[in-house]
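Trainee: Quick one, run-v5.pdb (PDB, C-alpha atoms and all ligand atoms):
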ATOM      1  CA  MET A   1       0.000   0.000   0.000
ATOM      2  CA  PHE A   2       1.048   3.629  -0.518
ATOM      3  CA  PRO A   3       3.610   4.956   0.321
ATOM      4  CA  ILE A   4       5.399   1.578   0.105
ATOM      5  CA  HIS A   5       4.109   0.808  -3.391
ATOM      6  CA  ARG A   6       4.795   3.436  -6.011
ATOM      7  CA  PRO A   7       4.299   2.019  -9.547
ATOM      8  CA  ARG A   8       5.673   5.278 -10.915
ATOM      9  CA  ARG A   9       9.195   4.155  -9.863
ATOM     10  CA  LEU A  10       9.305   1.942 -12.937
ATOM     11  CA  ARG A  11       8.071   4.685 -15.270
ATOM     12  CA  LYS A  12      10.782   7.200 -14.529
ATOM     13  CA  ASN A  13      12.641   7.196 -17.856
ATOM     14  CA  ASP A  14      12.876   5.496 -21.229
ATOM     15  CA  THR A  15      15.424   2.965 -20.081
ATOM     16  CA  VAL A  16      13.467   1.574 -17.185
ATOM     17  CA  ARG A  17      10.211   1.688 -19.134
ATOM     18  CA  ALA A  18      11.825  -0.395 -21.868
ATOM     19  CA  MET A  19      13.115  -2.873 -19.261
ATOM     20  CA  VAL A  20       9.652  -3.619 -17.931
ATOM     21  CA  ARG A  21       7.705  -3.371 -21.190
ATOM     22  CA  GLU A  22       5.540  -6.454 -21.614
ATOM     23  CA  THR A  23       4.660  -6.260 -25.304
ATOM     24  CA  ILE A  24       7.300  -5.539 -27.928
ATOM     25  CA  LEU A  25       6.064  -4.865 -31.433
ATOM     26  CA  SER A  26       8.371  -5.904 -34.281
ATOM     27  CA  PRO A  27       8.240  -5.734 -38.093
ATOM     28  CA  LYS A  28       8.390  -9.548 -37.918
ATOM     29  CA  ASP A  29       4.839  -9.517 -36.556
ATOM     30  CA  PHE A  30       3.397  -8.006 -39.717
ATOM     31  CA  ILE A  31       1.864  -9.310 -42.940
ATOM     32  CA  LEU A  32       1.282  -6.660 -45.633
ATOM     33  CA  PRO A  33      -1.879  -6.975 -47.782
ATOM     34  CA  LEU A  34      -1.413  -5.955 -51.440
ATOM     35  CA  PHE A  35      -3.919  -5.549 -54.281
ATOM     36  CA  VAL A  36      -2.746  -6.787 -57.660
ATOM     37  CA  THR A  37      -4.530  -5.671 -60.794
ATOM     38  CA  TYR A  38      -4.165  -6.346 -64.529
ATOM     39  CA  GLY A  39      -2.277  -4.180 -67.009
ATOM     40  CA  ARG A  40       1.189  -2.685 -66.877
ATOM     41  CA  ASN A  41       2.640   0.166 -64.836
ATOM     42  CA  VAL A  42      -0.601   0.637 -62.967
ATOM     43  CA  ARG A  43      -0.431   2.290 -59.551
ATOM     44  CA  LYS A  44      -3.777   3.693 -58.556
ATOM     45  CA  GLU A  45      -4.267   4.966 -55.030
ATOM     46  CA  ILE A  46      -7.379   3.708 -53.220
ATOM     47  CA  SER A  47      -9.160   6.914 -52.259
ATOM     48  CA  SER A  48     -10.438   5.665 -48.918
ATOM     49  CA  MET A  49      -7.077   4.069 -48.037
ATOM     50  CA  PRO A  50      -4.323   6.658 -48.495
ATOM     51  CA  GLY A  51      -0.973   4.924 -49.024
ATOM     52  CA  CYS A  52      -2.596   1.759 -50.462
ATOM     53  CA  TYR A  53      -2.802   1.024 -54.164
ATOM     54  CA  GLN A  54      -4.202  -1.202 -56.857
ATOM     55  CA  GLU A  55      -0.988  -2.153 -58.649
ATOM     56  CA  SER A  56       0.071  -4.215 -61.611
ATOM     57  CA  VAL A  57       2.611  -6.962 -61.140
ATOM     58  CA  GLU A  58       5.900  -4.981 -61.497
ATOM     59  CA  ASN A  59       4.752  -2.517 -58.862
ATOM     60  CA  ILE A  60       3.635  -5.311 -56.544
ATOM     61  CA  VAL A  61       7.143  -6.710 -56.812
ATOM     62  CA  GLU A  62       8.643  -3.337 -55.826
ATOM     63  CA  ASN A  63       6.249  -2.997 -52.922
ATOM     64  CA  ALA A  64       7.001  -6.530 -51.758
ATOM     65  CA  ARG A  65      10.740  -5.887 -51.950
ATOM     66  CA  GLU A  66      10.396  -2.713 -49.872
ATOM     67  CA  ALA A  67       8.405  -4.606 -47.251
ATOM     68  CA  TRP A  68      11.070  -7.321 -47.082
ATOM     69  CA  ASN A  69      13.854  -4.732 -46.787
ATOM     70  CA  LEU A  70      12.015  -3.173 -43.844
ATOM     71  CA  GLY A  71      11.932  -6.536 -42.065
ATOM     72  CA  VAL A  72       8.333  -7.481 -42.894
ATOM     73  CA  PRO A  73       8.434 -11.238 -43.570
ATOM     74  CA  ALA A  74       5.213 -11.735 -45.541
ATOM     75  CA  ILE A  75       2.638 -10.284 -47.906
ATOM     76  CA  ILE A  76      -0.907 -11.426 -48.611
ATOM     77  CA  LEU A  77      -2.177 -10.968 -52.152
ATOM     78  CA  PHE A  78      -5.661  -9.966 -53.299
ATOM     79  CA  GLY A  79      -6.545  -9.900 -56.989
ATOM     80  CA  ILE A  80      -8.597  -7.593 -59.185
ATOM     81  CA  PRO A  81      -9.177  -9.476 -62.441
ATOM     82  CA  GLU A  82      -9.907  -7.928 -65.823
ATOM     83  CA  HIS A  83     -13.058 -10.017 -66.255
ATOM     84  CA  LYS A  84     -15.505 -11.272 -63.668
ATOM     85  CA  ASP A  85     -18.130 -13.994 -64.107
ATOM     86  CA  ALA A  86     -20.697 -15.926 -62.087
ATOM     87  CA  VAL A  87     -18.256 -18.635 -60.962
ATOM     88  CA  GLY A  88     -15.148 -16.500 -60.423
ATOM     89  CA  SER A  89     -13.070 -18.193 -63.147
ATOM     90  CA  GLY A  90     -10.271 -15.636 -62.732
ATOM     91  CA  ALA A  91      -9.630 -17.012 -59.265
ATOM     92  CA  TYR A  92      -8.296 -20.331 -60.556
ATOM     93  CA  ASP A  93      -6.925 -19.226 -63.922
ATOM     94  CA  PRO A  94      -3.283 -20.378 -64.067
ATOM     95  CA  HIS A  95      -2.478 -17.044 -65.729
ATOM     96  CA  GLY A  96      -4.680 -14.953 -63.458
ATOM     97  CA  VAL A  97      -3.500 -11.738 -61.792
ATOM     98  CA  VAL A  98      -2.718 -13.372 -58.453
ATOM     99  CA  GLN A  99      -0.945 -16.340 -60.024
ATOM    100  CA  ASN A 100       1.238 -13.984 -62.104
ATOM    101  CA  ALA A 101       2.041 -11.860 -59.085
ATOM    102  CA  ILE A 102       3.015 -14.887 -56.987
ATOM    103  CA  LYS A 103       5.529 -15.997 -59.614
ATOM    104  CA  ALA A 104       7.001 -12.535 -60.081
ATOM    105  CA  VAL A 105       7.381 -11.864 -56.349
ATOM    106  CA  LYS A 106       8.870 -15.281 -55.630
ATOM    107  CA  ASP A 107      11.397 -14.758 -58.448
ATOM    108  CA  ALA A 108      12.406 -11.327 -57.195
ATOM    109  CA  VAL A 109      12.263 -11.789 -53.411
ATOM    110  CA  PRO A 110      12.460 -15.548 -52.843
ATOM    111  CA  GLU A 111      12.694 -15.428 -49.063
ATOM    112  CA  LEU A 112       9.559 -13.332 -48.590
ATOM    113  CA  MET A 113       6.545 -15.461 -47.625
ATOM    114  CA  VAL A 114       3.847 -15.042 -50.246
ATOM    115  CA  ILE A 115       0.424 -15.767 -48.800
ATOM    116  CA  THR A 116      -2.735 -15.632 -50.918
ATOM    117  CA  ASP A 117      -6.273 -14.760 -49.980
ATOM    118  CA  VAL A 118      -8.526 -17.575 -51.190
ATOM    119  CA  CYS A 119     -12.005 -16.261 -51.949
ATOM    120  CA  LEU A 120     -14.273 -15.757 -54.934
ATOM    121  CA  CYS A 121     -15.756 -12.332 -54.189
ATOM    122  CA  GLU A 122     -13.137 -10.357 -56.127
ATOM    123  CA  PHE A 123     -13.683 -12.617 -59.131
ATOM    124  CA  THR A 124     -17.465 -12.988 -59.270
ATOM    125  CA  ASP A 125     -19.700 -10.529 -61.107
ATOM    126  CA  HIS A 126     -22.213 -10.650 -58.244
ATOM    127  CA  GLY A 127     -19.492  -9.959 -55.643
ATOM    128  CA  HIS A 128     -20.388 -12.818 -53.304
ATOM    129  CA  CYS A 129     -17.858 -15.248 -51.885
ATOM    130  CA  GLY A 130     -19.426 -18.326 -53.461
ATOM    131  CA  VAL A 131     -21.696 -19.732 -56.141
ATOM    132  CA  VAL A 132     -25.113 -18.054 -56.164
ATOM    133  CA  HIS A 133     -28.394 -19.778 -56.940
ATOM    134  CA  GLU A 134     -31.746 -17.985 -56.654
ATOM    135  CA  GLY A 135     -30.266 -15.281 -54.457
ATOM    136  CA  GLU A 136     -28.533 -17.685 -52.093
ATOM    137  CA  VAL A 137     -24.824 -18.375 -51.699
ATOM    138  CA  LEU A 138     -24.470 -22.151 -51.952
ATOM    139  CA  ASN A 139     -21.998 -23.757 -49.594
ATOM    140  CA  ASP A 140     -20.995 -27.158 -50.924
ATOM    141  CA  PRO A 141     -20.695 -26.309 -54.651
ATOM    142  CA  THR A 142     -18.394 -23.445 -53.644
ATOM    143  CA  LEU A 143     -15.937 -25.725 -51.853
ATOM    144  CA  GLU A 144     -14.692 -27.282 -55.055
ATOM    145  CA  LEU A 145     -13.959 -23.872 -56.592
ATOM    146  CA  LEU A 146     -12.126 -22.683 -53.493
ATOM    147  CA  ALA A 147     -10.022 -25.847 -53.515
ATOM    148  CA  ARG A 148      -9.181 -25.225 -57.190
ATOM    149  CA  GLU A 149      -8.228 -21.653 -56.397
ATOM    150  CA  ALA A 150      -5.968 -22.644 -53.490
ATOM    151  CA  LEU A 151      -4.339 -25.350 -55.590
ATOM    152  CA  SER A 152      -3.671 -22.952 -58.459
ATOM    153  CA  HIS A 153      -2.013 -20.533 -56.002
ATOM    154  CA  ALA A 154       0.187 -23.348 -54.702
ATOM    155  CA  GLN A 155       1.059 -24.375 -58.257
ATOM    156  CA  ALA A 156       2.075 -20.795 -59.005
ATOM    157  CA  GLY A 157       4.428 -20.896 -56.017
ATOM    158  CA  ALA A 158       2.472 -19.489 -53.064
ATOM    159  CA  ASP A 159       3.978 -20.312 -49.670
ATOM    160  CA  MET A 160       0.686 -20.299 -47.767
ATOM    161  CA  VAL A 161      -3.037 -20.010 -48.566
ATOM    162  CA  ALA A 162      -5.619 -18.133 -46.535
ATOM    163  CA  PRO A 163      -9.310 -18.896 -47.154
ATOM    164  CA  SER A 164     -11.514 -15.915 -46.261
ATOM    165  CA  ASP A 165     -14.877 -16.981 -47.694
ATOM    166  CA  MET A 166     -16.523 -18.457 -44.544
ATOM    167  CA  MET A 167     -18.077 -21.462 -46.286
ATOM    168  CA  ASP A 168     -18.422 -24.436 -43.930
ATOM    169  CA  GLY A 169     -15.856 -27.145 -44.602
ATOM    170  CA  ARG A 170     -13.537 -25.166 -46.817
ATOM    171  CA  VAL A 171     -10.372 -25.738 -44.806
ATOM    172  CA  GLY A 172     -10.860 -29.490 -45.139
ATOM    173  CA  SER A 173     -11.535 -29.284 -48.894
ATOM    174  CA  ILE A 174      -8.493 -27.119 -49.470
ATOM    175  CA  ARG A 175      -6.275 -29.321 -47.295
ATOM    176  CA  GLU A 176      -7.369 -32.371 -49.245
ATOM    177  CA  ALA A 177      -6.791 -30.766 -52.643
ATOM    178  CA  LEU A 178      -3.328 -29.594 -51.610
ATOM    179  CA  ASP A 179      -2.364 -32.969 -50.153
ATOM    180  CA  GLU A 180      -3.612 -34.946 -53.148
ATOM    181  CA  ASN A 181      -1.550 -32.818 -55.496
ATOM    182  CA  GLY A 182       1.767 -32.895 -53.711
ATOM    183  CA  PHE A 183       1.392 -29.714 -51.677
ATOM    184  CA  GLY A 184       1.181 -31.349 -48.277
ATOM    185  CA  ASN A 185       3.759 -28.879 -46.975
ATOM    186  CA  ILE A 186       1.764 -25.717 -47.782
ATOM    187  CA  PRO A 187       0.131 -24.327 -44.628
ATOM    188  CA  VAL A 188      -3.431 -23.030 -44.423
ATOM    189  CA  MET A 189      -4.026 -19.823 -42.502
ATOM    190  CA  SER A 190      -7.751 -19.842 -41.947
ATOM    191  CA  TYR A 191      -9.886 -16.747 -41.546
ATOM    192  CA  ALA A 192     -11.520 -18.898 -38.895
ATOM    193  CA  VAL A 193     -13.367 -16.172 -37.028
ATOM    194  CA  LYS A 194     -14.557 -13.624 -39.545
ATOM    195  CA  TYR A 195     -17.370 -11.296 -38.637
ATOM    196  CA  ALA A 196     -19.854  -9.610 -41.003
ATOM    197  CA  SER A 197     -18.338  -6.186 -40.415
ATOM    198  CA  ALA A 198     -18.901  -2.642 -41.625
ATOM    199  CA  PHE A 199     -15.148  -2.155 -41.144
ATOM    200  CA  TYR A 200     -14.585  -3.860 -44.527
ATOM    201  CA  GLY A 201     -16.063  -0.871 -46.383
ATOM    202  CA  PRO A 202     -12.844   0.585 -47.837
ATOM    203  CA  PHE A 203     -11.541  -2.867 -48.818
ATOM    204  CA  ARG A 204     -14.510  -3.351 -51.082
ATOM    205  CA  GLU A 205     -13.506  -0.215 -52.973
ATOM    206  CA  ALA A 206      -9.923  -1.525 -53.078
ATOM    207  CA  ALA A 207     -10.834  -5.014 -54.272
ATOM    208  CA  GLU A 208     -13.943  -4.000 -56.217
ATOM    209  CA  SER A 209     -15.809  -6.752 -54.410
ATOM    210  CA  THR A 210     -18.987  -5.131 -53.098
ATOM    211  CA  PRO A 211     -21.888  -7.617 -53.219
ATOM    212  CA  GLN A 212     -24.293  -6.595 -55.977
ATOM    213  CA  PHE A 213     -27.272  -7.710 -53.901
ATOM    214  CA  GLY A 214     -27.752  -8.387 -50.203
ATOM    215  CA  ASP A 215     -24.847  -8.663 -47.796
ATOM    216  CA  ARG A 216     -22.595 -11.326 -46.283
ATOM    217  CA  ARG A 217     -24.496 -11.974 -43.067
ATOM    218  CA  ALA A 218     -25.652 -15.403 -44.209
ATOM    219  CA  TYR A 219     -22.059 -16.649 -44.150
ATOM    220  CA  GLN A 220     -19.919 -14.282 -42.050
ATOM    221  CA  MET A 221     -20.392 -14.207 -38.266
ATOM    222  CA  ASP A 222     -22.657 -12.048 -36.172
ATOM    223  CA  PRO A 223     -20.541  -9.405 -34.336
ATOM    224  CA  ALA A 224     -22.527 -10.122 -31.174
ATOM    225  CA  ASN A 225     -21.228 -13.689 -30.825
ATOM    226  CA  ARG A 226     -18.295 -14.778 -28.701
ATOM    227  CA  ARG A 227     -18.892 -18.483 -27.973
ATOM    228  CA  GLU A 228     -19.504 -19.131 -31.640
ATOM    229  CA  ALA A 229     -16.002 -17.834 -32.380
ATOM    230  CA  MET A 230     -14.485 -20.684 -30.434
ATOM    231  CA  ARG A 231     -16.683 -23.147 -32.275
ATOM    232  CA  GLU A 232     -15.619 -21.783 -35.672
ATOM    233  CA  ALA A 233     -11.956 -21.981 -34.667
ATOM    234  CA  VAL A 234     -12.231 -25.549 -33.371
ATOM    235  CA  LEU A 235     -13.890 -26.713 -36.595
ATOM    236  CA  ASP A 236     -11.114 -25.194 -38.726
ATOM    237  CA  ILE A 237      -8.421 -26.657 -36.490
ATOM    238  CA  GLU A 238     -10.030 -30.101 -36.799
ATOM    239  CA  GLU A 239     -10.034 -29.678 -40.591
ATOM    240  CA  GLY A 240      -6.309 -28.975 -40.552
ATOM    241  CA  ALA A 241      -5.815 -25.209 -40.224
ATOM    242  CA  ASP A 242      -2.226 -24.299 -39.294
ATOM    243  CA  ILE A 243      -2.906 -20.703 -38.215
ATOM    244  CA  VAL A 244      -6.260 -19.279 -37.115
ATOM    245  CA  MET A 245      -7.249 -15.687 -37.727
ATOM    246  CA  VAL A 246      -9.656 -13.264 -36.113
ATOM    247  CA  LYS A 247     -11.056 -10.490 -38.281
ATOM    248  CA  PRO A 248     -11.521  -7.550 -37.778
ATOM    249  CA  ALA A 249      -9.044  -6.930 -34.941
ATOM    250  CA  LEU A 250      -9.838  -3.782 -33.034
ATOM    251  CA  SER A 251     -13.443  -4.369 -32.053
ATOM    252  CA  TYR A 252     -12.634  -8.042 -31.405
ATOM    253  CA  LEU A 253      -9.681  -7.945 -29.000
ATOM    254  CA  ASP A 254     -11.631 -10.106 -26.539
ATOM    255  CA  ILE A 255     -12.008 -12.778 -29.207
ATOM    256  CA  ILE A 256      -8.274 -12.682 -29.990
ATOM    257  CA  ARG A 257      -7.565 -13.190 -26.287
ATOM    258  CA  ASP A 258     -10.076 -16.047 -26.021
ATOM    259  CA  LEU A 259      -8.514 -17.805 -28.958
ATOM    260  CA  ARG A 260      -4.952 -17.266 -27.701
ATOM    261  CA  ASP A 261      -5.898 -18.805 -24.365
ATOM    262  CA  SER A 262      -7.851 -21.731 -25.763
ATOM    263  CA  CYS A 263      -5.710 -23.045 -28.614
ATOM    264  CA  ASP A 264      -2.033 -23.642 -29.173
ATOM    265  CA  LEU A 265      -1.817 -22.683 -32.851
ATOM    266  CA  PRO A 266      -0.444 -19.316 -33.915
ATOM    267  CA  VAL A 267      -3.207 -16.707 -33.859
ATOM    268  CA  ALA A 268      -3.379 -14.012 -36.524
ATOM    269  CA  ALA A 269      -5.483 -10.854 -36.425
ATOM    270  CA  TYR A 270      -6.542  -8.723 -39.398
ATOM    271  CA  ASN A 271      -6.327  -4.986 -38.737
ATOM    272  CA  VAL A 272      -8.837  -4.325 -41.525
ATOM    273  CA  SER A 273      -9.366  -1.546 -44.028
ATOM    274  CA  GLY A 274     -11.884   0.481 -42.024
ATOM    275  CA  GLU A 275      -9.599   0.464 -38.986
ATOM    276  CA  TYR A 276      -6.785   1.771 -41.187
ATOM    277  CA  SER A 277      -8.919   4.396 -42.914
ATOM    278  CA  MET A 278     -10.198   5.824 -39.634
ATOM    279  CA  VAL A 279      -6.641   6.406 -38.410
ATOM    280  CA  LYS A 280      -5.661   8.032 -41.711
ATOM    281  CA  ALA A 281      -8.741  10.249 -41.780
ATOM    282  CA  ALA A 282      -8.396  11.428 -38.194
ATOM    283  CA  ALA A 283      -4.673  12.089 -38.689
ATOM    284  CA  ARG A 284      -5.369  14.111 -41.841
ATOM    285  CA  MET A 285      -7.858  16.207 -39.930
ATOM    286  CA  GLY A 286      -5.174  16.843 -37.329
ATOM    287  CA  TRP A 287      -7.348  15.255 -34.647
ATOM    288  CA  VAL A 288      -4.909  12.532 -33.587
ATOM    289  CA  ASP A 289      -1.204  11.831 -33.972
ATOM    290  CA  GLY A 290      -1.445   9.177 -36.703
ATOM    291  CA  ASN A 291       1.873   7.455 -35.994
ATOM    292  CA  ARG A 292       1.286   7.152 -32.278
ATOM    293  CA  VAL A 293      -2.283   5.936 -32.717
ATOM    294  CA  MET A 294      -1.097   3.388 -35.275
ATOM    295  CA  LEU A 295       1.553   1.947 -32.955
ATOM    296  CA  GLU A 296      -0.837   1.950 -30.015
ATOM    297  CA  ILE A 297      -3.434   0.021 -32.020
ATOM    298  CA  LEU A 298      -0.899  -2.518 -33.295
ATOM    299  CA  THR A 299       0.508  -2.956 -29.784
ATOM    300  CA  SER A 300      -2.991  -3.551 -28.421
ATOM    301  CA  ILE A 301      -3.634  -6.255 -31.015
ATOM    302  CA  LYS A 302      -0.401  -7.988 -30.066
ATOM    303  CA  ARG A 303      -1.082  -7.542 -26.336
ATOM    304  CA  ALA A 304      -4.511  -9.151 -26.854
ATOM    305  CA  GLY A 305      -2.687 -12.263 -28.053
ATOM    306  CA  ALA A 306      -2.076 -12.026 -31.791
ATOM    307  CA  ASP A 307       1.176 -13.615 -32.972
ATOM    308  CA  LEU A 308       0.736 -12.203 -36.473
ATOM    309  CA  ILE A 309      -0.955  -8.997 -37.591
ATOM    310  CA  LEU A 310      -2.213  -8.426 -41.115
ATOM    311  CA  THR A 311      -2.044  -4.671 -41.515
ATOM    312  CA  TYR A 312      -1.952  -2.000 -44.210
ATOM    313  CA  HIS A 313       0.315  -0.084 -41.806
ATOM    314  CA  ALA A 314       3.025  -2.782 -42.067
ATOM    315  CA  LYS A 315       5.629  -0.748 -43.953
ATOM    316  CA  GLU A 316       5.191   2.570 -42.154
ATOM    317  CA  ALA A 317       5.042   0.876 -38.744
ATOM    318  CA  ALA A 318       8.141  -1.177 -39.583
ATOM    319  CA  ALA A 319       9.982   1.977 -40.650
ATOM    320  CA  LEU A 320       9.141   3.661 -37.338
ATOM    321  CA  LEU A 321      10.082   0.595 -35.283
ATOM    322  CA  ASN A 322      13.394   0.298 -37.133
ATOM    323  CA  GLY A 323      14.055   3.887 -36.055
TER     324      GLY A 323
HETATM  325  C1  LIG B   1     -12.766 -11.371 -49.026
HETATM  326  C2  LIG B   1     -12.129 -10.499 -48.024
HETATM  327  C3  LIG B   1     -12.609  -9.320 -47.439
HETATM  328  C4  LIG B   1     -11.572  -8.821 -46.633
HETATM  329  C5  LIG B   1     -10.522  -9.733 -46.721
HETATM  330  N1  LIG B   1     -10.896 -10.779 -47.562
HETATM  331  C6  LIG B   1     -13.873  -8.568 -47.637
HETATM  332  C7  LIG B   1     -15.166  -9.106 -47.274
HETATM  333  O1  LIG B   1     -15.303 -10.187 -46.682
HETATM  334  O2  LIG B   1     -16.129  -8.436 -47.613
HETATM  335  C8  LIG B   1     -11.606  -7.543 -45.855
HETATM  336  C9  LIG B   1     -10.291  -6.930 -45.561
HETATM  337  C10 LIG B   1     -10.332  -5.527 -45.092
HETATM  338  O3  LIG B   1     -11.390  -4.905 -44.873
HETATM  339  O4  LIG B   1      -9.232  -4.981 -44.933
HETATM  340  N2  LIG B   1     -13.814 -12.146 -48.623
END
As structure tokens, what does this structure read like?
Ligand code: PBG
Mentor:
Amino acid sequence: MFPIHRPRRLRKNDTVRAMVRETILSPKDFILPLFVTYGRNVRKEISSMPGCYQESVENIVENAREAWNLGVPAIILFGIPEHKDAVGSGAYDPHGVVQNAIKAVKDAVPELMVITDVCLCEFTDHGHCGVVHEGEVLNDPTLELLAREALSHAQAGADMVAPSDMMDGRVGSIREALDENGFGNIPVMSYAVKYASAFYGPFREAAESTPQFGDRRAYQMDPANRREAMREAVLDIEEGADIVMVKPALSYLDIIRDLRDSCDLPVAAYNVSGEYSMVKAAARMGWVDGNRVMLEILTSIKRAGADLILTYHAKEAAALLNG
């Protein structure tokens, strides 16, 4: 009790604060999401996500190299195809935008981990994450297409695949397709706990993947549910997931902590587009110190229990952390 206990003794200066700091953020924690589009020499800024771009392959390679040089070990690729159709053919086209980007990045920066988002929504004309029939997203017929997509990413040289569609059973289907085709060593990072969130708004501009009718609440999770998150994670782990992800991050820190405490796999958290855009907007208005808020948010996600953080801030945060 006071005056014996004075917690301020350990806050006196930078040195002692660093000695007792519990959570240390590092560029190694980050995975940088990138949006690859068709064409050449394209670099189009996403208006709601300053500092993020739709880029053609050569520019993706440059971006990936910069990330690697800053100490960021991985990127995750999203694709914007030239043509979309009802079954998302561009997603499993061996010469699709993502497949081309994987090859180019692996050639240029072989040690960088290239992860791919596995989903149909960027490739379907209706913008949903699966096959649609009479206004409904069908689960089981979608699994085969997702497995084809994941396999084509592996064949192009991807180091890891990350299904984000939220169809039931997709981790198992993907695992099976990879194993049957000689890719038993490619890990699956599952978007195991993915909520139907308004924080994805800016991403849908970035990936041009807004659903043309309805929304995603019939397959993504209800933000009100906590127990269900554990159930989703357990199912994916049983199907062979190697890493489980929670998405979004900031409004779901309790879920990240639950998962960290209840499973022994690495836990990833996705600091999503809307979380990024809010920081950028407030900083532009001069209402917050953008760099400090960014580092505080990333630290909180790690403190909550995330081993890996997917974040659009990866390069700028790494640059600050590297001093
Ligand atoms: C694709 C996908 C989405 C995000 C990642 N993968 C969008 C969605 O589900 O609508 C969102 C990422 C972000 O907001 O940064 N299914």
Trainee: Set the distance at 7 Å and use only C-alpha atoms: which residues neighbour region 126-128 of chain A once local chain neighbours fewer than 3 positions away are removed? I'd like the list as a PDB file with C-alpha atoms, keeping the file's coordinate frame.
Mentor:
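The resulting file, result-v5.pdb, is reproduced below:
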ATOM      1  CA  ALA A  86     -20.697 -15.926 -62.087  1.00  0.00           C
ATOM      2  CA  LEU A 120     -14.273 -15.757 -54.934  1.00  0.00           C
ATOM      3  CA  CYS A 121     -15.756 -12.332 -54.189  1.00  0.00           C
ATOM      4  CA  GLU A 122     -13.137 -10.357 -56.127  1.00  0.00           C
ATOM      5  CA  SER A 209     -15.809  -6.752 -54.410  1.00  0.00           C
ATOM      6  CA  THR A 210     -18.987  -5.131 -53.098  1.00  0.00           C
ATOM      7  CA  PRO A 211     -21.888  -7.617 -53.219  1.00  0.00           C
ATOM      8  CA  GLN A 212     -24.293  -6.595 -55.977  1.00  0.00           C
TER       9      GLN A 212
END
Trainee: Could you list, as a list of chain:residue names, every residue within 8 Å of Ile309 (chain A), counting all atoms listed in the file and ignoring same-chain residues fewer than 6 positions away?
Mentor: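 Here the answer would be A:Asp29, A:Phe30, A:Ile31, A:Ala268, A:Ala269, A:Tyr270, A:Asn271, A:Leu298, A:Ile301, A:Lys302.
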Trainee: On this structure, which residues satisfy the PyMOL selection byres (((not hetatm)) within 10 of (chain B and resi 1)), written as number ranges by chain?
Mentor: A: 33, 49, 76-78, 117-122, 127-130, 162-166, 191, 194-211, 215-216, 219-220, 247-248, 270-277, 310-312
Trainee: What would the file look like if the residues just selected were written as a short mmCIF file (atom, residue, chain, number, x, y, z; two decimals), in the frame of the given file with C-alpha atoms?
Mentor:
data_model
loop_
_atom_site.label_atom_id
_atom_site.label_comp_id
_atom_site.auth_asym_id
_atom_site.auth_seq_id
_atom_site.Cartn_x
_atom_site.Cartn_y
_atom_site.Cartn_z
CA PRO A 33 -1.88 -6.98 -47.78
CA MET A 49 -7.08 4.07 -48.04
CA ILE A 76 -0.91 -11.43 -48.61
CA LEU A 77 -2.18 -10.97 -52.15
CA PHE A 78 -5.66 -9.97 -53.30
CA ASP A 117 -6.27 -14.76 -49.98
CA VAL A 118 -8.53 -17.58 -51.19
CA CYS A 119 -12.00 -16.26 -51.95
CA LEU A 120 -14.27 -15.76 -54.93
CA CYS A 121 -15.76 -12.33 -54.19
CA GLU A 122 -13.14 -10.36 -56.13
CA GLY A 127 -19.49 -9.96 -55.64
CA HIS A 128 -20.39 -12.82 -53.30
CA CYS A 129 -17.86 -15.25 -51.88
CA GLY A 130 -19.43 -18.33 -53.46
CA ALA A 162 -5.62 -18.13 -46.54
CA PRO A 163 -9.31 -18.90 -47.15
CA SER A 164 -11.51 -15.92 -46.26
CA ASP A 165 -14.88 -16.98 -47.69
CA MET A 166 -16.52 -18.46 -44.54
CA TYR A 191 -9.89 -16.75 -41.55
CA LYS A 194 -14.56 -13.62 -39.54
CA TYR A 195 -17.37 -11.30 -38.64
CA ALA A 196 -19.85 -9.61 -41.00
CA SER A 197 -18.34 -6.19 -40.42
CA ALA A 198 -18.90 -2.64 -41.62
CA PHE A 199 -15.15 -2.15 -41.14
CA TYR A 200 -14.58 -3.86 -44.53
CA GLY A 201 -16.06 -0.87 -46.38
CA PRO A 202 -12.84 0.58 -47.84
CA PHE A 203 -11.54 -2.87 -48.82
CA ARG A 204 -14.51 -3.35 -51.08
CA GLU A 205 -13.51 -0.22 -52.97
CA ALA A 206 -9.92 -1.52 -53.08
CA ALA A 207 -10.83 -5.01 -54.27
CA GLU A 208 -13.94 -4.00 -56.22
CA SER A 209 -15.81 -6.75 -54.41
CA THR A 210 -18.99 -5.13 -53.10
CA PRO A 211 -21.89 -7.62 -53.22
CA ASP A 215 -24.85 -8.66 -47.80
CA ARG A 216 -22.60 -11.33 -46.28
CA TYR A 219 -22.06 -16.65 -44.15
CA GLN A 220 -19.92 -14.28 -42.05
CA LYS A 247 -11.06 -10.49 -38.28
CA PRO A 248 -11.52 -7.55 -37.78
CA TYR A 270 -6.54 -8.72 -39.40
CA ASN A 271 -6.33 -4.99 -38.74
CA VAL A 272 -8.84 -4.32 -41.52
CA SER A 273 -9.37 -1.55 -44.03
CA GLY A 274 -11.88 0.48 -42.02
CA GLU A 275 -9.60 0.46 -38.99
CA TYR A 276 -6.78 1.77 -41.19
CA SER A 277 -8.92 4.40 -42.91
CA LEU A 310 -2.21 -8.43 -41.12
CA THR A 311 -2.04 -4.67 -41.52
CA TYR A 312 -1.95 -2.00 -44.21
#
Trainee: Tell me, in Å to one decimal, how far CA of Pro73 (chain A) is from CA of Pro27 (chain A).
Mentor: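 Interatomic distance, CA of Pro73 (chain A) to CA of Pro27 (chain A): 7.8 Å.
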Trainee: To test your reading of the syntax: which residues would the PyMOL selection byres (((chain A and resi 174) around 12) and not hetatm) return for the file shown? Reply as an NGL selection string.
Mentor: :A and (118-119 or 142-154 or 160-163 or 167-173 or 175-181 or 183-184 or 186-190 or 236 or 239-241)
